file query.pdb (PDB, C-alpha atoms, pLDDT in the B column)
MODEL        1
ATOM      1  CA  MET J   1      -3.633 -53.860  -1.290  1.00 48.00           C
ATOM      2  CA  LYS J   2      -4.886 -51.440   1.378  1.00 46.00           C
ATOM      3  CA  LYS J   3      -1.327 -51.107   2.677  1.00 48.00           C
ATOM      4  CA  ILE J   4      -0.083 -50.232  -0.820  1.00 43.00           C
ATOM      5  CA  PHE J   5      -2.690 -47.464  -1.230  1.00 41.00           C
ATOM      6  CA  SER J   6      -1.850 -46.145   2.227  1.00 43.00           C
ATOM      7  CA  LEU J   7       1.847 -45.954   1.349  1.00 41.00           C
ATOM      8  CA  ILE J   8       1.071 -44.176  -1.933  1.00 39.00           C
ATOM      9  CA  PHE J   9      -1.108 -41.634  -0.101  1.00 40.00           C
ATOM     10  CA  ILE J  10       1.629 -40.927   2.449  1.00 40.00           C
ATOM     11  CA  PHE J  11       4.205 -40.582  -0.330  1.00 38.00           C
ATOM     12  CA  LEU J  12       2.031 -38.014  -2.115  1.00 42.00           C
ATOM     13  CA  LEU J  13       1.755 -36.005   1.081  1.00 41.00           C
ATOM     14  CA  LEU J  14       5.514 -35.907   1.688  1.00 39.00           C
ATOM     15  CA  PRO J  15       6.333 -32.932  -0.625  1.00 43.00           C
ATOM     16  CA  SER J  16       3.844 -30.666   1.126  1.00 42.00           C
ATOM     17  CA  ILE J  17       5.085 -31.819   4.523  1.00 37.00           C
ATOM     18  CA  SER J  18       8.746 -31.439   3.579  1.00 39.00           C
ATOM     19  CA  PHE J  19       8.421 -27.968   2.138  1.00 39.00           C
ATOM     20  CA  SER J  20       6.064 -26.470   4.691  1.00 45.00           C
ATOM     21  CA  HIS J  21       7.494 -24.231   7.367  1.00 47.00           C
ATOM     22  CA  PRO J  22       6.379 -23.146  10.811  1.00 50.00           C
ATOM     23  CA  GLY J  23       4.385 -20.005  11.500  1.00 52.00           C
ATOM     24  CA  GLY J  24       0.720 -19.149  11.789  1.00 58.00           C
ATOM     25  CA  LEU J  25      -1.356 -17.947   8.863  1.00 54.00           C
ATOM     26  CA  ASP J  26      -3.444 -14.791   8.889  1.00 50.00           C
ATOM     27  CA  ARG J  27      -7.096 -14.683   7.865  1.00 41.00           C
ATOM     28  CA  ASN J  28      -6.075 -14.402   4.209  1.00 42.00           C
ATOM     29  CA  GLY J  29      -4.165 -17.682   4.332  1.00 48.00           C
ATOM     30  CA  GLY J  30      -0.697 -16.127   4.257  1.00 51.00           C
ATOM     31  CA  HIS J  31       1.976 -14.676   6.500  1.00 46.00           C
ATOM     32  CA  THR J  32       5.182 -12.640   6.482  1.00 48.00           C
ATOM     33  CA  ASP J  33       8.418 -14.635   6.396  1.00 52.00           C
ATOM     34  CA  LYS J  34      10.394 -13.605   9.488  1.00 52.00           C
ATOM     35  CA  LYS J  35      13.739 -14.026   7.688  1.00 52.00           C
ATOM     36  CA  THR J  36      12.968 -12.151   4.469  1.00 43.00           C
ATOM     37  CA  GLY J  37      10.110  -9.881   5.525  1.00 41.00           C
ATOM     38  CA  VAL J  38       8.200 -10.963   2.398  1.00 39.00           C
ATOM     39  CA  TYR J  39       4.469 -11.621   2.606  1.00 40.00           C
ATOM     40  CA  HIS J  40       3.285 -14.714   0.748  1.00 43.00           C
ATOM     41  CA  LEU J  41       0.271 -16.970   0.496  1.00 46.00           C
ATOM     42  CA  HIS J  42       0.088 -20.706   1.045  1.00 44.00           C
ATOM     43  CA  LYS J  43      -3.090 -20.840  -0.994  1.00 44.00           C
ATOM     44  CA  THR J  44      -4.053 -18.623  -3.906  1.00 43.00           C
ATOM     45  CA  LYS J  45      -7.370 -17.072  -2.994  1.00 57.00           C
ATOM     46  CA  THR J  46      -8.042 -15.010  -6.098  1.00 60.00           C
ATOM     47  CA  SER J  47     -11.708 -15.446  -6.923  1.00 55.00           C
ATOM     48  CA  SER J  48     -12.647 -16.748 -10.374  1.00 61.00           C
ATOM     49  CA  LEU J  49     -16.321 -15.881  -9.898  1.00 72.00           C
ATOM     50  CA  ALA J  50     -17.680 -12.384 -10.475  1.00 75.00           C
ATOM     51  CA  PRO J  51     -19.257 -11.198  -7.203  1.00 80.00           C
ATOM     52  CA  GLN J  52     -22.772  -9.814  -6.950  1.00 79.00           C
ATOM     53  CA  VAL J  53     -22.527  -6.289  -5.563  1.00 83.00           C
ATOM     54  CA  ARG J  54     -25.625  -5.323  -3.604  1.00 83.00           C
ATOM     55  CA  THR J  55     -24.435  -2.053  -2.052  1.00 93.00           C
ATOM     56  CA  ALA J  56     -23.067   1.177  -3.507  1.00 96.00           C
ATOM     57  CA  TYR J  57     -19.457   2.140  -2.831  1.00 97.00           C
ATOM     58  CA  ASN J  58     -18.994   4.697  -0.054  1.00 97.00           C
ATOM     59  CA  ARG J  59     -15.458   5.907   0.609  1.00 97.00           C
ATOM     60  CA  GLU J  60     -16.335   6.561   4.259  1.00 97.00           C
ATOM     61  CA  ASP J  61     -16.795   2.814   4.745  1.00 98.00           C
ATOM     62  CA  TRP J  62     -13.061   2.359   4.075  1.00 98.00           C
ATOM     63  CA  PRO J  63     -11.240   4.339   6.823  1.00 97.00           C
ATOM     64  CA  HIS J  64      -7.738   5.223   5.688  1.00 94.00           C
ATOM     65  CA  TRP J  65      -4.646   7.135   6.769  1.00 97.00           C
ATOM     66  CA  THR J  66      -4.879   5.732  10.280  1.00 97.00           C
ATOM     67  CA  ASP J  67      -2.148   5.758  12.937  1.00 97.00           C
ATOM     68  CA  ASP J  68      -2.293   2.166  14.142  1.00 93.00           C
ATOM     69  CA  ASP J  69       0.955   2.262  16.131  1.00 94.00           C
ATOM     70  CA  SER J  70       0.192   5.657  17.745  1.00 95.00           C
ATOM     71  CA  ASP J  71       3.528   7.204  16.740  1.00 94.00           C
ATOM     72  CA  CYS J  72       1.834  10.352  15.293  1.00 95.00           C
ATOM     73  CA  GLN J  73       2.632   9.207  11.731  1.00 96.00           C
ATOM     74  CA  ASP J  74      -0.475   8.151   9.830  1.00 98.00           C
ATOM     75  CA  THR J  75      -0.392   5.731   6.903  1.00 98.00           C
ATOM     76  CA  ARG J  76       0.271   8.508   4.386  1.00 98.00           C
ATOM     77  CA  ALA J  77       3.303   9.716   6.330  1.00 98.00           C
ATOM     78  CA  GLU J  78       4.670   6.196   6.724  1.00 98.00           C
ATOM     79  CA  ILE J  79       4.414   5.489   2.990  1.00 99.00           C
ATOM     80  CA  LEU J  80       6.104   8.809   2.172  1.00 98.00           C
ATOM     81  CA  ILE J  81       8.917   7.852   4.540  1.00 98.00           C
ATOM     82  CA  ARG J  82       9.170   4.336   3.105  1.00 98.00           C
ATOM     83  CA  ASP J  83       9.321   5.507  -0.524  1.00 99.00           C
ATOM     84  CA  ASN J  84      11.628   8.461   0.134  1.00 99.00           C
ATOM     85  CA  THR J  85      15.135   8.266  -1.360  1.00 97.00           C
ATOM     86  CA  GLY J  86      16.554  11.477   0.122  1.00 97.00           C
ATOM     87  CA  THR J  87      16.509  13.397   3.389  1.00 96.00           C
ATOM     88  CA  ILE J  88      13.106  13.712   5.026  1.00 96.00           C
ATOM     89  CA  LYS J  89      11.979  17.044   6.456  1.00 95.00           C
ATOM     90  CA  TYR J  90       8.905  17.371   8.644  1.00 95.00           C
ATOM     91  CA  LYS J  91       6.501  20.219   9.297  1.00 91.00           C
ATOM     92  CA  ARG J  92       7.400  22.197  12.433  1.00 83.00           C
ATOM     93  CA  ASN J  93      10.302  19.804  13.133  1.00 74.00           C
ATOM     94  CA  LYS J  94       7.935  17.176  14.511  1.00 81.00           C
ATOM     95  CA  PRO J  95       8.223  13.701  12.936  1.00 88.00           C
ATOM     96  CA  CYS J  96       4.510  13.519  12.177  1.00 93.00           C
ATOM     97  CA  ASN J  97       3.750  15.231   8.867  1.00 94.00           C
ATOM     98  CA  VAL J  98       6.232  14.879   6.012  1.00 97.00           C
ATOM     99  CA  SER J  99       6.968  18.107   4.146  1.00 97.00           C
ATOM    100  CA  TRP J 100      10.067  17.553   1.995  1.00 98.00           C
ATOM    101  CA  GLY J 101      12.139  14.668   0.707  1.00 98.00           C
ATOM    102  CA  LYS J 102      12.978  12.997  -2.585  1.00 99.00           C
ATOM    103  CA  TRP J 103      10.626  10.690  -4.427  1.00 99.00           C
ATOM    104  CA  VAL J 104      10.503   9.158  -7.891  1.00 99.00           C
ATOM    105  CA  CYS J 105       7.010   8.348  -9.106  1.00 99.00           C
ATOM    106  CA  PRO J 106       7.098   4.687 -10.206  1.00 99.00           C
ATOM    107  CA  TYR J 107       4.333   5.313 -12.741  1.00 99.00           C
ATOM    108  CA  THR J 108       6.097   8.126 -14.624  1.00 98.00           C
ATOM    109  CA  GLY J 109       9.730   8.235 -13.476  1.00 99.00           C
ATOM    110  CA  LYS J 110       9.252  11.898 -12.556  1.00 98.00           C
ATOM    111  CA  GLU J 111      11.135  13.196  -9.486  1.00 99.00           C
ATOM    112  CA  PHE J 112       9.538  15.187  -6.654  1.00 99.00           C
ATOM    113  CA  THR J 113      10.796  16.970  -3.549  1.00 99.00           C
ATOM    114  CA  LYS J 114       7.521  18.378  -2.132  1.00 98.00           C
ATOM    115  CA  ALA J 115       5.291  15.892  -0.344  1.00 98.00           C
ATOM    116  CA  SER J 116       2.257  18.008  -1.243  1.00 98.00           C
ATOM    117  CA  ASP J 117       2.788  17.078  -4.913  1.00 99.00           C
ATOM    118  CA  LEU J 118       2.249  13.409  -4.113  1.00 99.00           C
ATOM    119  CA  ASP J 119      -0.766  11.214  -3.526  1.00 99.00           C
ATOM    120  CA  ILE J 120      -0.687   7.810  -1.883  1.00 99.00           C
ATOM    121  CA  ASP J 121      -2.164   5.524  -4.510  1.00 99.00           C
ATOM    122  CA  HIS J 122      -4.104   2.366  -3.741  1.00 99.00           C
ATOM    123  CA  ILE J 123      -2.682   0.042  -6.392  1.00 99.00           C
ATOM    124  CA  VAL J 124      -5.972  -1.841  -6.344  1.00 99.00           C
ATOM    125  CA  PRO J 125      -8.357   1.107  -5.830  1.00 99.00           C
ATOM    126  CA  LEU J 126     -10.864   1.026  -2.991  1.00 99.00           C
ATOM    127  CA  SER J 127     -13.926   1.276  -5.228  1.00 98.00           C
ATOM    128  CA  HIS J 128     -12.512  -1.438  -7.498  1.00 98.00           C
ATOM    129  CA  ALA J 129     -12.012  -3.686  -4.464  1.00 98.00           C
ATOM    130  CA  HIS J 130     -15.620  -2.969  -3.488  1.00 98.00           C
ATOM    131  CA  LYS J 131     -16.847  -4.156  -6.898  1.00 97.00           C
ATOM    132  CA  THR J 132     -14.656  -7.277  -7.012  1.00 98.00           C
ATOM    133  CA  GLY J 133     -15.359  -8.889  -3.665  1.00 97.00           C
ATOM    134  CA  GLY J 134     -14.910  -6.323  -0.907  1.00 98.00           C
ATOM    135  CA  ALA J 135     -18.449  -4.967  -0.721  1.00 97.00           C
ATOM    136  CA  ASP J 136     -19.489  -7.402   2.011  1.00 96.00           C
ATOM    137  CA  TRP J 137     -16.303  -7.155   4.071  1.00 98.00           C
ATOM    138  CA  SER J 138     -16.487  -5.982   7.656  1.00 98.00           C
ATOM    139  CA  ARG J 139     -15.529  -2.373   8.360  1.00 98.00           C
ATOM    140  CA  GLU J 140     -12.385  -3.692  10.065  1.00 98.00           C
ATOM    141  CA  LYS J 141     -11.262  -5.593   6.965  1.00 98.00           C
ATOM    142  CA  LYS J 142     -11.999  -2.593   4.739  1.00 99.00           C
ATOM    143  CA  ARG J 143      -9.886  -0.508   7.092  1.00 98.00           C
ATOM    144  CA  ASP J 144      -7.052  -3.050   6.904  1.00 98.00           C
ATOM    145  CA  PHE J 145      -7.196  -3.024   3.103  1.00 99.00           C
ATOM    146  CA  ALA J 146      -7.251   0.773   2.883  1.00 99.00           C
ATOM    147  CA  ASN J 147      -4.104   1.050   5.026  1.00 99.00           C
ATOM    148  CA  ASP J 148      -2.161  -2.010   3.860  1.00 99.00           C
ATOM    149  CA  PRO J 149       1.359  -0.926   2.753  1.00 98.00           C
ATOM    150  CA  LEU J 150       1.338  -3.798   0.244  1.00 99.00           C
ATOM    151  CA  ASN J 151      -1.284  -1.875  -1.726  1.00 99.00           C
ATOM    152  CA  LEU J 152       0.158   1.645  -1.383  1.00 99.00           C
ATOM    153  CA  LEU J 153       2.641   3.747  -3.376  1.00 99.00           C
ATOM    154  CA  ALA J 154       3.676   7.412  -3.286  1.00 99.00           C
ATOM    155  CA  VAL J 155       2.910   8.753  -6.771  1.00 99.00           C
ATOM    156  CA  ASP J 156       2.446  11.954  -8.771  1.00 99.00           C
ATOM    157  CA  ASP J 157      -0.930  13.361  -7.691  1.00 98.00           C
ATOM    158  CA  ASP J 158      -1.864  14.173 -11.300  1.00 98.00           C
ATOM    159  CA  ILE J 159      -1.253  10.614 -12.497  1.00 98.00           C
ATOM    160  CA  ASN J 160      -3.207   9.282  -9.532  1.00 99.00           C
ATOM    161  CA  LYS J 161      -6.214  11.355 -10.572  1.00 98.00           C
ATOM    162  CA  GLU J 162      -5.817  10.086 -14.140  1.00 98.00           C
ATOM    163  CA  LYS J 163      -5.781   6.474 -12.953  1.00 99.00           C
ATOM    164  CA  SER J 164      -8.816   6.934 -10.687  1.00 98.00           C
ATOM    165  CA  ASP J 165     -10.384   3.517  -9.961  1.00 97.00           C
ATOM    166  CA  GLN J 166      -9.435   1.870 -13.261  1.00 98.00           C
ATOM    167  CA  ALA J 167      -8.181  -1.709 -13.602  1.00 98.00           C
ATOM    168  CA  PRO J 168      -5.165  -2.701 -15.775  1.00 99.00           C
ATOM    169  CA  ASP J 169      -7.426  -3.356 -18.780  1.00 98.00           C
ATOM    170  CA  GLU J 170      -8.510   0.294 -18.547  1.00 98.00           C
ATOM    171  CA  TRP J 171      -5.344   2.086 -17.409  1.00 99.00           C
ATOM    172  CA  ARG J 172      -1.608   1.355 -17.271  1.00 99.00           C
ATOM    173  CA  PRO J 173       1.330   3.364 -15.903  1.00 99.00           C
ATOM    174  CA  PRO J 174       2.837   5.572 -18.643  1.00 99.00           C
ATOM    175  CA  LEU J 175       6.298   4.188 -17.771  1.00 99.00           C
ATOM    176  CA  LYS J 176       6.264   0.857 -19.625  1.00 98.00           C
ATOM    177  CA  SER J 177       9.332  -0.451 -17.800  1.00 98.00           C
ATOM    178  CA  TYR J 178       7.206  -0.503 -14.638  1.00 99.00           C
ATOM    179  CA  TRP J 179       4.451  -2.620 -16.157  1.00 99.00           C
ATOM    180  CA  PRO J 180       5.756  -6.030 -14.964  1.00 99.00           C
ATOM    181  CA  GLU J 181       6.182  -4.761 -11.396  1.00 99.00           C
ATOM    182  CA  TYR J 182       2.767  -3.107 -11.437  1.00 99.00           C
ATOM    183  CA  ALA J 183       1.138  -6.325 -12.625  1.00 99.00           C
ATOM    184  CA  ARG J 184       2.970  -8.313  -9.950  1.00 99.00           C
ATOM    185  CA  LYS J 185       1.841  -5.934  -7.205  1.00 99.00           C
ATOM    186  CA  TRP J 186      -1.745  -5.928  -8.502  1.00 99.00           C
ATOM    187  CA  ARG J 187      -1.865  -9.732  -8.479  1.00 99.00           C
ATOM    188  CA  LYS J 188      -0.322  -9.943  -5.021  1.00 99.00           C
ATOM    189  CA  VAL J 189      -2.957  -7.654  -3.509  1.00 99.00           C
ATOM    190  CA  LYS J 190      -5.788  -9.470  -5.275  1.00 98.00           C
ATOM    191  CA  GLN J 191      -4.475 -12.824  -4.058  1.00 98.00           C
ATOM    192  CA  LYS J 192      -4.034 -11.654  -0.491  1.00 98.00           C
ATOM    193  CA  TYR J 193      -7.625 -10.437  -0.281  1.00 98.00           C
ATOM    194  CA  GLY J 194      -9.285 -12.994  -2.555  1.00 98.00           C
ATOM    195  CA  LEU J 195     -10.584 -10.430  -5.040  1.00 98.00           C
ATOM    196  CA  TYR J 196     -12.047 -11.302  -8.428  1.00 98.00           C
ATOM    197  CA  ILE J 197      -9.951 -10.902 -11.594  1.00 98.00           C
ATOM    198  CA  SER J 198     -11.993 -10.475 -14.771  1.00 97.00           C
ATOM    199  CA  PRO J 199     -10.917 -12.100 -18.079  1.00 98.00           C
ATOM    200  CA  ALA J 200     -10.066  -8.678 -19.561  1.00 98.00           C
ATOM    201  CA  GLU J 201      -8.079  -7.788 -16.452  1.00 98.00           C
ATOM    202  CA  GLU J 202      -6.207 -11.114 -16.587  1.00 98.00           C
ATOM    203  CA  ALA J 203      -5.331 -10.587 -20.255  1.00 98.00           C
ATOM    204  CA  ALA J 204      -4.003  -7.100 -19.492  1.00 99.00           C
ATOM    205  CA  LEU J 205      -1.916  -8.384 -16.576  1.00 99.00           C
ATOM    206  CA  LYS J 206      -0.358 -11.108 -18.734  1.00 98.00           C
ATOM    207  CA  ASP J 207       0.465  -8.556 -21.434  1.00 98.00           C
ATOM    208  CA  MET J 208       2.118  -6.261 -18.872  1.00 99.00           C
ATOM    209  CA  GLU J 209       4.119  -9.145 -17.426  1.00 98.00           C
ATOM    210  CA  ARG J 210       5.609  -9.858 -20.868  1.00 96.00           C
ATOM    211  CA  HIS J 211       7.192  -6.389 -21.144  1.00 90.00           C
TER     212      HIS J 211
ENDMDL
END
call {"tool": "encode", "arguments": {"input": "query.pdb", "output": "structure tokens"}}
result
Amino acid sequence: MKKIFSLIFIFLLLPSISFSHPGGLDRNGGHTDKKTGVYHLHKTKTSSLAPQVRTAYNREDWPHWTDDDSDCQDTRAEILIRDNTGTIKYKRNKPCNVSWGKWVCPYTGKEFTKASDLDIDHIVPLSHAHKTGGADWSREKKRDFANDPLNLLAVDDDINKEKSDQAPDEWRPPLKSYWPEYARKWRKVKQKYGLYISPAEEAALKDMERH
């Protein structure tokens, strides 16, 4: 009988063994696939419990627009370059600060050519992350979150101010065709960092995914 149970246990383990693949996991339980360049999680870490926030949000605790690879382009510049669909022009002909290009705001569909008209939006806002699980993170992890390209988009600065730190149950992109993608990105960031999703937030995400 013991042998039978042992065989059943091994059989149940086979799917996870067969479909796993090599490569180390980061501290969030995921990694970037070397072939596709896509980040994914092996375990969903979205929290189902509302966190107790004991400290007030302070933007200075979340250092952003850093230059981690020391190439003179900070995070803002790198996102502007990534999201650009035209020819990039830099200030003073140095590839550090982006001045001109061509961008389409994913939230509105509006086109821009001046970098100064754009903000880099945190899809999951910093203060929202603070309230939903990030308050007790180390300064290093807050810094990683604030500069993670997964959570950043070049958008119309006016629409970014309108969004502020609101969750999907409070604010949605005006361009309804972008709702499913926005919901997908929001979930992906929350999963990567193990942030809490409220019932109202979950309902809003599901509604956006249906469009």
call {"tool": "closest_residue", "arguments": {"input": "query.pdb", "among": "J:Lys89, J:Arg184, J:Lys141, J:Arg54", "to": "Pro168 (chain J)", "atoms": "all atoms listed in the file"}}
result
J:Arg184
call {"tool": "residues_around", "arguments": {"input": "query.pdb", "residues": "Trp103 (chain J)", "least_positions_apart": "3", "cutoff": "6 Å", "atoms": "all atoms listed in the file", "output": "list in words"}}
result
Asn84, Thr85, Glu111 and Phe112 of chain J
call {"tool": "write_last_selection", "arguments": {"input": "query.pdb", "atoms": "C-alpha atoms", "output": "PDB file, in the coordinates of the input"}}
result
ATOM      1  CA  ASN J  84      11.628   8.461   0.134  1.00 99.00           C
ATOM      2  CA  THR J  85      15.135   8.266  -1.360  1.00 97.00           C
ATOM      3  CA  GLU J 111      11.135  13.196  -9.486  1.00 99.00           C
ATOM      4  CA  PHE J 112       9.538  15.187  -6.654  1.00 99.00           C
TER       5      PHE J 112
END
call {"tool": "resolve_selection", "arguments": {"input": "query.pdb", "expression": "the PyMOL selection byres ((chain J and resi 161) around 12)", "output": "MDAnalysis selection string"}}
result
chainID J and resid 118:122 125 155:160 162:166 171
call {"tool": "closest_residue", "arguments": {"input": "query.pdb", "among": "J:Pro95, J:Pro51, J:Pro174, J:Gly134", "to": "Cys72 (chain J)", "atoms": "all atoms listed in the file"}}
result
J:Pro95
call {"tool": "atom_distance", "arguments": {"input": "query.pdb", "atom1": "CA of Asp207 (chain J)", "atom2": "CA of Tyr178 (chain J)"}}
result
12.5 Å
call {"tool": "closest_residue", "arguments": {"input": "query.pdb", "among": "J:Tyr57, J:Trp186, J:Tyr107, J:Tyr193", "to": "Val124 (chain J)", "atoms": "all atoms listed in the file"}}
result
J:Trp186
call {"tool": "closest_residue", "arguments": {"input": "query.pdb", "among": "J:Pro63, J:Leu175, J:Ala167, J:Ala77", "to": "Thr132 (chain J)", "atoms": "only C-alpha atoms"}}
result
J:Ala167
call {"tool": "closest_residue", "arguments": {"input": "query.pdb", "among": "J:Ala200, J:Asp83, J:Arg76, J:His128", "to": "Cys96 (chain J)", "atoms": "all atoms listed in the file"}}
result
J:Arg76
call {"tool": "atom_distance", "arguments": {"input": "query.pdb", "atom1": "CA of Asp61 (chain J)", "atom2": "CA of Gly194 (chain J)"}}
result
19.0 Å
call {"tool": "resolve_selection", "arguments": {"input": "query.pdb", "expression": "the PyMOL selection byres ((chain J and resi 101) around 7)", "output": "PyMOL selection string"}}
result
chain J and resi 84+86-89+100+102-103+113-114
call {"tool": "residues_around", "arguments": {"input": "query.pdb", "residues": "Pro199 (chain J)", "least_positions_apart": "3", "cutoff": "12 Å", "atoms": "all atoms listed in the file", "output": "list in words"}}
result
Ser47, Ser48, Leu49, Ala50, Ala167, Pro168, Asp169, Tyr196, Glu202, Ala203, Ala204, Leu205 and Lys206 of chain J
call {"tool": "atom_distance", "arguments": {"input": "query.pdb", "atom1": "CA of Arg82 (chain J)", "atom2": "CA of Pro149 (chain J)"}}
result
9.4 Å
call {"tool": "closest_residue", "arguments": {"input": "query.pdb", "among": "J:Lys131, J:Lys110, J:Lys94, J:Arg210", "to": "Ala56 (chain J)", "atoms": "only C-alpha atoms"}}
result
J:Lys131
call {"tool": "axis_aligned_box", "arguments": {"input": "query.pdb", "around": "region 83-95 of chain J", "padding_each_side": "8 Å", "output": "JSON"}}
result
{"center_x": 11.5, "center_y": 13.9, "center_z": 6.6, "size_x": 26.1, "size_y": 32.7, "size_z": 31.9}
call {"tool": "resolve_selection", "arguments": {"input": "query.pdb", "expression": "the PyMOL selection byres ((chain J and resi 73) around 12)", "output": "ChimeraX atom specification"}}
result
/J:65-72,74-82,90-91,94-98
